[in-house]
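Trainee: Here you go, one structure.
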Amino acid sequence: YHHWKEDIKLLGEMGFKVYRLSIAWSRIFPNGDELVPNEAGLKFYDDIFDECAKYGIEPLVTMSHYEPPLEFARKYNGWYDRRAIDFFVRYVDVITKRYKNKVKYWLTFNEINCIEMSPWMEGGVLTKDKQTMINMAHYQFVASAKAVKLGHQINPDFKIGCMLAYTLTYPMTCNPEDTLAAWKNTHNNIFYTDVQCRGYYPSYRLKEFEREGITLPIEEGDLEIIKEG
């Protein structure tokens, strides 16, 4: 926090052209649900982006990187509450408007598939049952799609992508059962980018939800938003 100027200078001296960093939601909206953003937090990132520009470094900014505000987690049970979508979109509206001429490259959620590995880290929820985690995933899919649409309205030149914690899986042997198990594990991993890049829920995961009694918390318009964003 106190050495970022010299750190960015070192990156510039080393010839780096892109610096991936994250904006902490809690610096902009400390409790997650405020109506007015924290100007000191916004100014902090203004200064960082200006310093990057001095060295010809493009910021690649992650909007949400394992930092749901603590009070948001306590008050709403994090991303288990559908109201999280609106809170997040308000935050995205503020940062994309504020930095529309300073940041071109954006990611919505860091390692979004970690919802199923560490729901507290990704979504501010302690419960680890599958229904809870899939509810959170759906809300983040909708929020991410809304962020993409909003960002492109604010600056059509924005490049807004998604991000996956990809783990490569190899079959233990050439036995078809091992090959199938590796294939299924890979599908479970890339499901999140399937939804975000293709804009719909893949049939292989819908059948899994059906077998396990998992219900997606889809409301009217959700699937259209995911498709559009």
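Chain labels run A, B, ... following the order of the structure tokens; each chain numbers its residues from 1, and ligands are numbered from 1 in the order shown.
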Any idea what's packed within 8 Å of range 133-142 of chain A, counting only C-alpha atoms, ignoring anything in its chain fewer than 6 positions away? Could you give it as number ranges by chain?

Mentor: A: 79-82, 84-85, 112, 115-116, 119, 123, 195-196, 214, 216-218, 222, 225-226

Trainee: Mind dumping the selected residues with C-alpha atoms as a PDB file, in the first residue's frame?

Mentor:
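Once written, part_22.pdb looks like this:
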ATOM      1  CA  TRP A  79     -23.684 -13.622  -2.725  1.00  0.00           C
ATOM      2  CA  TYR A  80     -26.399 -15.949  -1.428  1.00  0.00           C
ATOM      3  CA  ASP A  81     -28.681 -12.893  -1.435  1.00  0.00           C
ATOM      4  CA  ARG A  82     -29.921 -11.865  -4.863  1.00  0.00           C
ATOM      5  CA  ALA A  84     -25.848  -8.691  -4.325  1.00  0.00           C
ATOM      6  CA  ILE A  85     -26.390  -8.340  -8.082  1.00  0.00           C
ATOM      7  CA  ILE A 112     -15.268 -17.542 -10.521  1.00  0.00           C
ATOM      8  CA  ILE A 115     -17.326 -20.670  -5.638  1.00  0.00           C
ATOM      9  CA  GLU A 116     -17.404 -24.481  -5.464  1.00  0.00           C
ATOM     10  CA  PRO A 119     -17.439 -20.076  -1.178  1.00  0.00           C
ATOM     11  CA  GLY A 123     -18.760 -15.064  -2.298  1.00  0.00           C
ATOM     12  CA  VAL A 195     -21.692 -20.001 -19.308  1.00  0.00           C
ATOM     13  CA  GLN A 196     -19.827 -16.701 -19.451  1.00  0.00           C
ATOM     14  CA  ILE A 214     -30.289 -28.722  -7.574  1.00  0.00           C
ATOM     15  CA  LEU A 216     -31.198 -22.799 -10.389  1.00  0.00           C
ATOM     16  CA  PRO A 217     -32.696 -19.602  -8.871  1.00  0.00           C
ATOM     17  CA  ILE A 218     -33.627 -18.220 -12.292  1.00  0.00           C
ATOM     18  CA  ASP A 222     -31.969 -13.766 -16.172  1.00  0.00           C
ATOM     19  CA  ILE A 225     -29.170 -11.092 -19.572  1.00  0.00           C
ATOM     20  CA  ILE A 226     -26.604 -13.923 -19.471  1.00  0.00           C
TER      21      ILE A 226
END

Trainee: Could you name the residues that touch Met14 in chain A at 12 Å or less, counting only C-alpha atoms, but leaving out those on the same chain fewer than 6 positions away, as a list in words?

Mentor: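 The neighbour list is Asp7, Ile8, Tyr55, Gly56 and Ile57 of chain A.
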
Trainee: Leaving out Ser64 in chain A and any residue of its chain fewer than 6 positions from it, which residues lie within 7 Å of it when counting only C-alpha atoms, given as a list in words?

Mentor: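 Answer for this query is Ser22, Ile23, Ala24, Trp25, Thr108, Phe109 and Asn110 of chain A.
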
Trainee: Export N, CA, C and O atoms of the chosen residues as a PDB file, in the first residue's frame?

Mentor:
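again08.pdb, freshly written:
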ATOM      1  N   SER A  22      -6.327  -5.465  -8.978  1.00  0.00           N
ATOM      2  CA  SER A  22      -7.744  -5.554  -8.635  1.00  0.00           C
ATOM      3  C   SER A  22      -8.172  -4.301  -7.881  1.00  0.00           C
ATOM      4  O   SER A  22      -7.398  -3.758  -7.093  1.00  0.00           O
ATOM      5  N   ILE A  23      -9.389  -3.865  -8.126  1.00  0.00           N
ATOM      6  CA  ILE A  23     -10.005  -2.817  -7.311  1.00  0.00           C
ATOM      7  C   ILE A  23     -10.746  -3.512  -6.180  1.00  0.00           C
ATOM      8  O   ILE A  23     -11.530  -4.432  -6.420  1.00  0.00           O
ATOM      9  N   ALA A  24     -10.471  -3.090  -4.963  1.00  0.00           N
ATOM     10  CA  ALA A  24     -11.174  -3.670  -3.814  1.00  0.00           C
ATOM     11  C   ALA A  24     -12.547  -3.014  -3.685  1.00  0.00           C
ATOM     12  O   ALA A  24     -12.639  -1.802  -3.451  1.00  0.00           O
ATOM     13  N   TRP A  25     -13.573  -3.796  -3.861  1.00  0.00           N
ATOM     14  CA  TRP A  25     -14.951  -3.322  -3.734  1.00  0.00           C
ATOM     15  C   TRP A  25     -15.128  -2.548  -2.434  1.00  0.00           C
ATOM     16  O   TRP A  25     -15.774  -1.497  -2.378  1.00  0.00           O
ATOM     17  N   THR A 108     -14.292  -9.503 -14.813  1.00  0.00           N
ATOM     18  CA  THR A 108     -15.379  -9.332 -13.849  1.00  0.00           C
ATOM     19  C   THR A 108     -15.047 -10.019 -12.522  1.00  0.00           C
ATOM     20  O   THR A 108     -14.758  -9.354 -11.526  1.00  0.00           O
ATOM     21  N   PHE A 109     -15.034 -11.355 -12.483  1.00  0.00           N
ATOM     22  CA  PHE A 109     -14.768 -12.086 -11.235  1.00  0.00           C
ATOM     23  C   PHE A 109     -13.504 -12.914 -11.379  1.00  0.00           C
ATOM     24  O   PHE A 109     -13.346 -13.669 -12.338  1.00  0.00           O
ATOM     25  N   ASN A 110     -12.614 -12.788 -10.419  1.00  0.00           N
ATOM     26  CA  ASN A 110     -11.422 -13.622 -10.400  1.00  0.00           C
ATOM     27  C   ASN A 110     -11.787 -15.061 -10.058  1.00  0.00           C
ATOM     28  O   ASN A 110     -12.504 -15.312  -9.085  1.00  0.00           O
TER      29      ASN A 110
END

Trainee: When distances are computed from only C-alpha atoms, which of A:Glu220, A:Glu13, A:Asp93, A:Asp33 shows the smallest separation from Val148 in chain A?

Mentor: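 Result for the nearest residue to Val148 in chain A: A:Asp93.
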
Trainee: I need the strand (DSSP E) residues of range 74-138 of chain A per DSSP on the backbone, written as a PDB file with N, CA and C atoms, in the first residue's frame.

Mentor:
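The resulting file, states.pdb, is shown below:
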ATOM      1  N   TYR A 105      -8.874  -2.616 -20.190  1.00  0.00           N
ATOM      2  CA  TYR A 105      -9.019  -4.063 -20.029  1.00  0.00           C
ATOM      3  C   TYR A 105      -9.577  -4.402 -18.640  1.00  0.00           C
ATOM      4  N   TRP A 106     -10.644  -5.208 -18.629  1.00  0.00           N
ATOM      5  CA  TRP A 106     -11.325  -5.542 -17.378  1.00  0.00           C
ATOM      6  C   TRP A 106     -11.604  -7.045 -17.305  1.00  0.00           C
ATOM      7  N   LEU A 107     -11.616  -7.565 -16.079  1.00  0.00           N
ATOM      8  CA  LEU A 107     -12.140  -8.901 -15.769  1.00  0.00           C
ATOM      9  C   LEU A 107     -13.232  -8.715 -14.727  1.00  0.00           C
ATOM     10  N   THR A 108     -14.292  -9.503 -14.813  1.00  0.00           N
ATOM     11  CA  THR A 108     -15.379  -9.332 -13.849  1.00  0.00           C
ATOM     12  C   THR A 108     -15.047 -10.019 -12.522  1.00  0.00           C
ATOM     13  N   PHE A 109     -15.034 -11.355 -12.483  1.00  0.00           N
ATOM     14  CA  PHE A 109     -14.768 -12.086 -11.235  1.00  0.00           C
ATOM     15  C   PHE A 109     -13.504 -12.914 -11.379  1.00  0.00           C
TER      16      PHE A 109
END

Trainee: To test your reading of the structure, identify every residue in chain A that backbone DSSP assigns to alpha helix (DSSP H), and report it as an MDAnalysis selection string.

Mentor: chainID A and resid 4:13 25:28 39:54 70:76 83:98 119:123 130:154 176:198 203:212 222:228

Trainee: Tyr99 in chain A: which residues within 12 Å, counting only C-alpha atoms, same-chain residues fewer than 3 positions away excluded, as a compact mmCIF listing (two decimals) with N, CA and C atoms, in the first residue's frame?

Mentor:
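What landed in around26.txt:
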# COMPACT_ATOMS: atom_id res chain seq x y z
N ILE A 23 -9.39 -3.86 -8.13
CA ILE A 23 -10.00 -2.82 -7.31
C ILE A 23 -10.75 -3.51 -6.18
N LEU A 42 -11.68 5.90 -4.48
CA LEU A 42 -11.63 6.18 -5.92
C LEU A 42 -10.35 6.93 -6.29
N LYS A 43 -9.98 7.89 -5.45
CA LYS A 43 -8.78 8.69 -5.71
C LYS A 43 -7.52 7.82 -5.66
N PHE A 44 -7.50 6.85 -4.76
CA PHE A 44 -6.35 5.94 -4.65
C PHE A 44 -6.08 5.27 -5.99
N TYR A 45 -7.13 4.76 -6.65
CA TYR A 45 -6.93 4.08 -7.92
C TYR A 45 -6.67 5.06 -9.06
N ASP A 46 -7.23 6.26 -8.99
CA ASP A 46 -6.87 7.30 -9.96
C ASP A 46 -5.35 7.49 -9.97
N ASP A 47 -4.77 7.59 -8.78
CA ASP A 47 -3.33 7.82 -8.66
C ASP A 47 -2.53 6.64 -9.22
N ILE A 48 -3.00 5.43 -8.95
CA ILE A 48 -2.29 4.25 -9.45
C ILE A 48 -2.32 4.20 -10.98
N PHE A 49 -3.50 4.45 -11.57
CA PHE A 49 -3.60 4.39 -13.03
C PHE A 49 -2.78 5.50 -13.68
N ASP A 50 -2.75 6.67 -13.06
CA ASP A 50 -1.94 7.77 -13.59
C ASP A 50 -0.46 7.40 -13.55
N PRO A 59 -3.27 -0.88 -17.38
CA PRO A 59 -3.86 -1.64 -16.27
C PRO A 59 -4.84 -2.69 -16.81
N LEU A 60 -4.76 -3.88 -16.27
CA LEU A 60 -5.75 -4.93 -16.51
C LEU A 60 -6.44 -5.16 -15.18
N VAL A 61 -7.68 -4.70 -15.05
CA VAL A 61 -8.31 -4.56 -13.74
C VAL A 61 -9.38 -5.63 -13.51
N VAL A 92 -19.82 -1.43 -10.15
CA VAL A 92 -19.24 -1.46 -11.50
C VAL A 92 -19.55 -0.18 -12.26
N ASP A 93 -20.76 0.32 -12.09
CA ASP A 93 -21.15 1.58 -12.75
C ASP A 93 -20.22 2.72 -12.32
N VAL A 94 -19.91 2.76 -11.04
CA VAL A 94 -19.05 3.83 -10.52
C VAL A 94 -17.63 3.71 -11.06
N ILE A 95 -17.05 2.51 -10.99
CA ILE A 95 -15.63 2.39 -11.37
C ILE A 95 -15.43 2.49 -12.88
N THR A 96 -16.36 1.97 -13.66
CA THR A 96 -16.17 2.03 -15.12
C THR A 96 -16.37 3.45 -15.64
N LYS A 102 -8.99 5.66 -18.45
CA LYS A 102 -7.72 5.23 -17.87
C LYS A 102 -7.51 3.72 -17.94
N VAL A 103 -8.62 2.97 -18.00
CA VAL A 103 -8.56 1.51 -18.02
C VAL A 103 -9.33 1.01 -19.24
N LYS A 104 -8.70 0.13 -20.00
CA LYS A 104 -9.35 -0.45 -21.17
C LYS A 104 -9.70 -1.92 -20.95
N TYR A 105 -8.87 -2.62 -20.19
CA TYR A 105 -9.02 -4.06 -20.03
C TYR A 105 -9.58 -4.40 -18.64
N TRP A 106 -10.64 -5.21 -18.63
CA TRP A 106 -11.32 -5.54 -17.38
C TRP A 106 -11.60 -7.05 -17.30
N GLY A 151 -20.51 -1.89 -19.08
CA GLY A 151 -19.20 -1.40 -19.46
C GLY A 151 -19.12 -1.00 -20.92
N ILE A 154 -20.75 2.32 -21.47
CA ILE A 154 -19.95 3.44 -20.96
C ILE A 154 -18.78 3.73 -21.88
N ASN A 155 -18.13 2.67 -22.37
CA ASN A 155 -17.02 2.84 -23.32
C ASN A 155 -17.00 1.64 -24.26
N PHE A 158 -13.99 -0.78 -24.38
CA PHE A 158 -13.60 -1.67 -23.28
C PHE A 158 -13.48 -3.11 -23.79

Trainee: To one decimal in Å, tell me the separation between CA of Tyr91 in chain A and CA of Ile160 in chain A.

Mentor: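 Calculated distance between CA of Tyr91 in chain A and CA of Ile160 in chain A is 15.6 Å.
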
Trainee: What's around Lys75 in chain A at 12 Å? Count only C-alpha atoms, leave out sequence neighbours fewer than 6 positions away in its own chain, and write the answer as a PyMOL selection string.

Mentor: chain A and resi 31-33+68-69+81+83-84+124-125

Trainee: Could the residues in this selection be saved with C-alpha atoms as a PDB file, in the first residue's frame?

Mentor:
ATOM      1  CA  ASN A  31     -20.168  -1.994   3.422  1.00  0.00           C
ATOM      2  CA  GLY A  32     -21.116  -3.063  -0.081  1.00  0.00           C
ATOM      3  CA  ASP A  33     -24.580  -1.512  -0.097  1.00  0.00           C
ATOM      4  CA  PRO A  68     -16.705  -9.092  -0.803  1.00  0.00           C
ATOM      5  CA  PRO A  69     -17.043  -6.423   1.915  1.00  0.00           C
ATOM      6  CA  ASP A  81     -28.681 -12.893  -1.435  1.00  0.00           C
ATOM      7  CA  ARG A  83     -29.596  -8.191  -3.879  1.00  0.00           C
ATOM      8  CA  ALA A  84     -25.848  -8.691  -4.325  1.00  0.00           C
ATOM      9  CA  GLY A 124     -18.648 -14.239   1.415  1.00  0.00           C
ATOM     10  CA  VAL A 125     -20.690 -17.312   2.405  1.00  0.00           C
TER      11      VAL A 125
END

Trainee: Give me the residues within 9 Å of Cys114 in chain A as a PyMOL selection string, counting only C-alpha atoms and dropping any in the same chain fewer than 5 places off.

Mentor: chain A and resi 119+121-122+164-165
